[in-house]
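Peer 1: Provided herewith: coords_4.cif, mmCIF, C-alpha atoms.
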```cif
data_input
loop_
_atom_site.label_atom_id
_atom_site.label_comp_id
_atom_site.auth_asym_id
_atom_site.auth_seq_id
_atom_site.Cartn_x
_atom_site.Cartn_y
_atom_site.Cartn_z
CA MET A 1 16.92 -5.20 3.23
CA ASN A 2 14.09 -4.73 5.75
CA ASN A 3 10.71 -5.79 4.38
CA GLU A 4 8.84 -5.05 7.59
CA TYR A 5 6.41 -2.19 7.70
CA LYS A 6 6.71 0.51 10.33
CA ALA A 7 3.84 1.93 12.37
CA GLU A 8 3.69 5.65 13.11
CA PHE A 9 1.12 7.73 14.95
CA TYR A 10 -0.59 10.54 13.08
CA LYS A 11 0.28 13.80 14.85
CA ASP A 12 -1.49 17.09 14.30
CA HIS A 13 0.31 20.38 13.65
CA LYS A 14 0.88 20.75 17.41
CA GLY A 15 2.43 17.27 17.70
CA PHE A 16 -0.59 15.68 19.41
CA SER A 17 -1.66 12.14 18.51
CA GLN A 18 -5.17 11.09 19.55
CA ALA A 19 -4.35 7.42 18.88
CA GLU A 20 -1.18 7.49 20.95
CA ASP A 21 -2.95 9.35 23.75
CA TYR A 22 -5.77 6.78 23.76
CA LEU A 23 -3.36 3.85 23.88
CA LEU A 24 -1.34 5.36 26.72
CA LYS A 25 -4.54 5.76 28.73
CA ILE A 26 -5.56 2.10 28.54
CA LYS A 27 -5.65 1.26 32.23
CA LEU A 28 -4.84 -2.46 32.14
CA ASP A 29 -1.23 -3.27 31.27
CA ASN A 30 -2.19 -6.59 29.68
CA GLU A 31 -4.67 -4.85 27.34
CA ARG A 32 -2.10 -2.22 26.38
CA ALA A 33 0.38 -5.04 25.72
CA LYS A 34 -2.15 -6.87 23.51
CA VAL A 35 -2.61 -3.73 21.43
CA ALA A 36 1.17 -3.34 21.08
CA VAL A 37 1.49 -6.99 19.97
CA ALA A 38 -1.33 -6.51 17.44
CA VAL A 39 0.38 -3.43 15.95
CA LYS A 40 3.68 -5.34 15.72
CA PHE A 41 1.88 -8.27 14.04
CA LEU A 42 0.24 -5.83 11.62
CA CYS A 43 3.69 -4.50 10.68
CA GLU A 44 5.08 -8.01 10.22
CA LYS A 45 2.19 -8.90 7.90
CA GLY A 46 2.65 -5.89 5.65
CA GLY A 47 -0.24 -3.88 7.02
CA TYR A 48 -2.94 -6.33 6.10
CA LEU A 49 -4.67 -8.77 8.43
CA GLU A 50 -7.84 -10.74 7.77
CA GLU A 51 -10.92 -10.62 9.97
CA PRO A 52 -11.29 -10.95 12.92
CA TYR A 53 -8.04 -8.98 13.43
CA SER A 54 -8.67 -6.22 10.94
CA LYS A 55 -11.29 -5.08 8.47
CA HIS A 56 -11.83 -2.48 5.79
CA VAL A 57 -13.73 0.60 6.95
CA GLU A 58 -13.85 3.08 4.09
CA GLY A 59 -11.49 4.22 1.34
CA LYS A 60 -7.90 3.55 2.46
CA ILE A 61 -8.90 3.24 6.11
CA ARG A 62 -8.83 -0.09 7.89
CA GLU A 63 -9.65 -0.99 11.48
CA LEU A 64 -7.31 -2.97 13.74
CA ILE A 65 -9.39 -4.97 16.22
CA VAL A 66 -8.05 -5.85 19.67
CA LYS A 67 -10.91 -6.98 21.88
CA ARG A 68 -13.05 -3.82 22.22
CA HIS A 69 -10.20 -1.47 21.29
CA ARG A 70 -10.14 -0.18 17.72
CA ILE A 71 -7.45 1.64 15.80
CA PHE A 72 -8.17 3.16 12.42
CA TYR A 73 -5.08 3.02 10.23
CA ALA A 74 -3.96 3.34 6.62
CA LEU A 75 -1.03 2.15 4.54
CA VAL A 76 1.00 4.99 3.07
CA GLU A 77 4.25 5.26 1.12
CA ASN A 78 7.56 3.74 2.21
CA LYS A 79 5.98 0.82 4.09
CA ILE A 80 4.45 3.05 6.74
CA ILE A 81 1.26 2.22 8.59
CA ILE A 82 -0.18 5.44 9.94
CA LEU A 83 -2.22 4.95 13.13
CA LEU A 84 -4.94 7.57 12.80
CA TYR A 85 -7.59 7.28 15.48
CA ALA A 86 -8.24 4.90 18.38
CA PHE A 87 -11.29 4.28 20.52
CA TYR A 88 -13.12 1.80 22.72
CA LYS A 89 -15.92 0.23 20.74
CA ASN A 90 -19.17 -0.03 22.66
CA THR A 91 -21.60 0.12 19.72
CA LYS A 92 -22.30 -2.31 16.87
CA LYS A 93 -20.80 0.03 14.25
CA ALA A 94 -18.02 2.55 14.52
CA PRO A 95 -19.46 6.03 15.01
CA PRO A 96 -19.44 7.91 11.66
CA ASN A 97 -17.77 10.95 13.23
CA PHE A 98 -14.79 8.76 14.23
CA ILE A 99 -14.46 7.56 10.62
CA THR A 100 -14.72 11.15 9.37
CA ARG A 101 -12.02 12.21 11.82
CA ALA A 102 -9.71 9.39 10.68
CA GLN A 103 -10.25 10.39 7.05
CA LYS A 104 -9.44 14.00 7.90
CA TYR A 105 -6.26 12.92 9.71
CA LEU A 106 -5.19 10.79 6.74
CA GLU A 107 -5.80 13.64 4.29
CA GLU A 108 -3.79 16.01 6.46
CA TYR A 109 -0.95 13.48 6.81
CA LEU A 110 -0.80 12.96 3.04
CA ARG A 111 -0.94 16.71 2.38
CA ARG A 112 1.91 17.37 4.81
CA SER A 113 4.08 14.52 3.53
CA LYS A 114 3.55 15.69 -0.08
CA HIS A 115 4.50 19.22 0.96
CA GLU A 116 7.67 17.96 2.69
CA LYS A 117 8.78 16.19 -0.52
CA ASN A 118 8.53 19.41 -2.59
#
```
Show the structure stored in the file as structure tokens.
Peer 2:
Amino acid sequence: MNNEYKAEFYKDHKGFSQAEDYLLKIKLDNERAKVAVAVKFLCEKGGYLEEPYSKHVEGKIRELIVKRHRIFYALVENKIIILLYAFYKNTKKAPPNFITRAQKYLEEYLRRSKHEKN
């Protein structure tokens, strides 16, 4: 029995993932690799890491921290970590519109997955 969580990118109705797109555009291979290792570690630890690796943002949304790169994510059913929104942090706090967007993506993901079950 596999106890490891699985990470998935949120994709909109057209199949686009902002988080995946952001990660693919990280220019330095070593930084992209560090993000990939952090996501794998997050999965191995059941979706929960302590600071300084992760922190609670709002509601079900948490923030994975890899240097200045941030990925908003949430734990959902069936041991899935949904990667919602990624960005390069250059301010003290995450911009509220990024948090709002991640919440919207999570709501849409949950609505679609509930619809698929019925």
Peer 1: Write out, as a tab-separated table, each residue of segment 39-100 of chain A that has an atom at most 12 Å from segment 5-23 of chain A, together with the closest pair of atoms and their distance in Å to one decimal, counting only C-alpha atoms, rows going by chain and rising number.
Peer 2:
```
residue	atom	partner	partner_atom	distance
A:Val39	CA	A:Ala7	CA	7.3
A:Lys40	CA	A:Ala7	CA	8.0
A:Phe41	CA	A:Tyr5	CA	9.9
A:Leu42	CA	A:Tyr5	CA	8.2
A:Cys43	CA	A:Tyr5	CA	4.6
A:Glu44	CA	A:Tyr5	CA	6.5
A:Lys45	CA	A:Tyr5	CA	7.9
A:Gly46	CA	A:Tyr5	CA	5.7
A:Gly47	CA	A:Tyr5	CA	6.9
A:Tyr48	CA	A:Tyr5	CA	10.3
A:Leu64	CA	A:Ala19	CA	12.0
A:Val66	CA	A:Leu23	CA	11.6
A:His69	CA	A:Leu23	CA	9.0
A:Arg70	CA	A:Ala19	CA	9.6
A:Ile71	CA	A:Ala19	CA	7.2
A:Phe72	CA	A:Ala19	CA	8.6
A:Tyr73	CA	A:Phe9	CA	9.1
A:Ala74	CA	A:Ala7	CA	9.8
A:Leu75	CA	A:Tyr5	CA	9.2
A:Val76	CA	A:Tyr5	CA	10.1
A:Glu77	CA	A:Tyr5	CA	10.2
A:Asn78	CA	A:Tyr5	CA	8.2
A:Lys79	CA	A:Tyr5	CA	4.7
A:Ile80	CA	A:Lys6	CA	4.9
A:Ile81	CA	A:Ala7	CA	4.6
A:Ile82	CA	A:Glu8	CA	5.0
A:Leu83	CA	A:Phe9	CA	4.7
A:Leu84	CA	A:Tyr10	CA	5.3
A:Tyr85	CA	A:Ala19	CA	4.7
A:Ala86	CA	A:Ala19	CA	4.7
A:Phe87	CA	A:Tyr22	CA	6.9
A:Tyr88	CA	A:Tyr22	CA	8.9
A:Phe98	CA	A:Gln18	CA	11.2
```
Peer 1: Evaluate the PyMOL selection byres ((chain A and resi 107) around 12) here and jot the selected residues down as a list in words.
Peer 2: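 Applied to this file, the PyMOL selection byres ((chain A and resi 107) around 12) returns Tyr10, Asp12, Gly59, Lys60, Ile61, Ala74, Val76, Ile82, Leu84, Thr100, Arg101, Ala102, Gln103, Lys104, Tyr105, Leu106, Glu108, Tyr109, Leu110, Arg111, Arg112, Ser113 and Lys114 of chain A.
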Peer 1: Between atom CA of Val57 of chain A and atom CA of Asp29 of chain A, what distance in Å does the model show, to one decimal?
Peer 2: 27.6 Å
Peer 1: Neighbours of Ile65 of chain A within 10 Å (only C-alpha atoms; same-chain residues fewer than 2 positions away dropped), as a count of residues only?
Peer 2: 18
Peer 1: When you draw a straight line from atom CA of His56 of chain A to atom CA of Asn90 of chain A, how long is it in Å?
Peer 2: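 Those two atoms sit 18.6 Å apart.
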Peer 1: Suppose you want the space between atom CA of Pro96 of chain A and atom CA of Leu24 of chain A; what is it in Å?
Peer 2: 23.7 Å
Peer 1: Mind working out the centre and edge lengths of an axis-aligned box for segment 53-57 of chain A, all listed atoms inside, 3 Å added to each side, rounded to one decimal in Å and written as lines of an AutoDock Vina configuration file?
Peer 2:
```
center_x = -10.9
center_y = -4.2
center_z = 9.6
size_x = 11.7
size_y = 15.6
size_z = 13.6
```
Peer 1: Would you please take segment 25-116 of chain A of the structure in the block above and write C-alpha atoms to a file as a tab-separated table (two decimals), in the first residue's frame?
Peer 2:
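Full text of out_23.tsv as output:
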```
chain	number	residue	atom	x	y	z
A	25	LYS	CA	9.97	29.00	-17.04
A	26	ILE	CA	12.45	29.04	-14.15
A	27	LYS	CA	15.63	29.83	-16.04
A	28	LEU	CA	18.23	28.17	-13.82
A	29	ASP	CA	18.20	24.37	-13.92
A	30	ASN	CA	19.46	24.10	-10.34
A	31	GLU	CA	16.58	26.27	-9.07
A	32	ARG	CA	14.03	24.24	-11.03
A	33	ALA	CA	15.59	21.08	-9.57
A	34	LYS	CA	15.34	22.49	-6.03
A	35	VAL	CA	11.64	23.15	-6.54
A	36	ALA	CA	11.13	19.61	-7.85
A	37	VAL	CA	12.96	18.17	-4.81
A	38	ALA	CA	10.84	20.32	-2.47
A	39	VAL	CA	7.60	19.08	-4.08
A	40	LYS	CA	8.82	15.47	-3.79
A	41	PHE	CA	9.73	16.05	-0.12
A	42	LEU	CA	6.29	17.58	0.46
A	43	CYS	CA	4.69	14.42	-0.95
A	44	GLU	CA	6.87	12.17	1.19
A	45	LYS	CA	5.88	14.11	4.31
A	46	GLY	CA	2.15	13.84	3.68
A	47	GLY	CA	1.67	17.37	2.42
A	48	TYR	CA	2.78	19.11	5.58
A	49	LEU	CA	6.14	20.73	6.20
A	50	GLU	CA	7.08	23.08	9.02
A	51	GLU	CA	8.53	26.54	8.52
A	52	PRO	CA	10.83	27.53	6.88
A	53	TYR	CA	9.79	25.06	4.13
A	54	SER	CA	6.07	25.70	4.20
A	55	LYS	CA	3.52	27.83	6.00
A	56	HIS	CA	-0.21	28.30	6.27
A	57	VAL	CA	-1.60	31.10	4.10
A	58	GLU	CA	-5.38	31.09	4.44
A	59	GLY	CA	-8.12	28.48	4.73
A	60	LYS	CA	-6.84	25.22	3.20
A	61	ILE	CA	-4.07	26.97	1.29
A	62	ARG	CA	-0.44	26.56	2.27
A	63	GLU	CA	2.71	27.99	0.72
A	64	LEU	CA	5.71	25.87	-0.29
A	65	ILE	CA	8.87	27.96	0.08
A	66	VAL	CA	11.92	27.34	-2.12
A	67	LYS	CA	14.26	30.30	-1.88
A	68	ARG	CA	12.24	33.15	-3.46
A	69	HIS	CA	9.92	30.79	-5.36
A	70	ARG	CA	6.50	30.17	-3.83
A	71	ILE	CA	3.86	27.60	-4.66
A	72	PHE	CA	0.40	27.81	-3.14
A	73	TYR	CA	-1.02	24.34	-2.63
A	74	ALA	CA	-3.77	22.48	-0.80
A	75	LEU	CA	-4.38	18.94	0.39
A	76	VAL	CA	-7.42	17.34	-1.19
A	77	GLU	CA	-8.98	13.86	-1.16
A	78	ASN	CA	-7.12	10.66	-2.01
A	79	LYS	CA	-3.72	11.91	-0.82
A	80	ILE	CA	-3.46	14.53	-3.55
A	81	ILE	CA	-1.58	17.79	-3.16
A	82	ILE	CA	-2.94	20.23	-5.70
A	83	LEU	CA	-0.37	22.81	-6.82
A	84	LEU	CA	-2.47	25.91	-7.40
A	85	TYR	CA	-0.40	28.99	-8.10
A	86	ALA	CA	3.33	29.74	-8.26
A	87	PHE	CA	5.27	32.98	-8.25
A	88	TYR	CA	8.58	34.66	-7.48
A	89	LYS	CA	8.31	36.44	-4.16
A	90	ASN	CA	9.83	39.90	-4.17
A	91	THR	CA	7.66	41.50	-1.47
A	92	LYS	CA	7.40	40.89	2.28
A	93	LYS	CA	3.90	39.39	1.99
A	94	ALA	CA	2.29	37.44	-0.80
A	95	PRO	CA	0.15	39.74	-2.93
A	96	PRO	CA	-3.54	39.35	-1.93
A	97	ASN	CA	-4.61	38.88	-5.55
A	98	PHE	CA	-2.34	35.80	-5.79
A	99	ILE	CA	-4.01	34.33	-2.69
A	100	THR	CA	-7.44	35.11	-4.13
A	101	ARG	CA	-6.49	33.42	-7.39
A	102	ALA	CA	-5.26	30.31	-5.55
A	103	GLN	CA	-8.52	30.17	-3.59
A	104	LYS	CA	-10.50	30.47	-6.82
A	105	TYR	CA	-8.46	27.66	-8.40
A	106	LEU	CA	-9.01	25.43	-5.36
A	107	GLU	CA	-12.76	26.08	-5.39
A	108	GLU	CA	-12.93	25.28	-9.09
A	109	TYR	CA	-10.87	22.10	-8.63
A	110	LEU	CA	-13.14	20.91	-5.80
A	111	ARG	CA	-16.28	21.77	-7.78
A	112	ARG	CA	-15.05	19.83	-10.81
A	113	SER	CA	-13.90	16.81	-8.81
A	114	LYS	CA	-17.27	16.69	-6.98
A	115	HIS	CA	-19.06	16.89	-10.33
A	116	GLU	CA	-16.94	14.04	-11.74
```
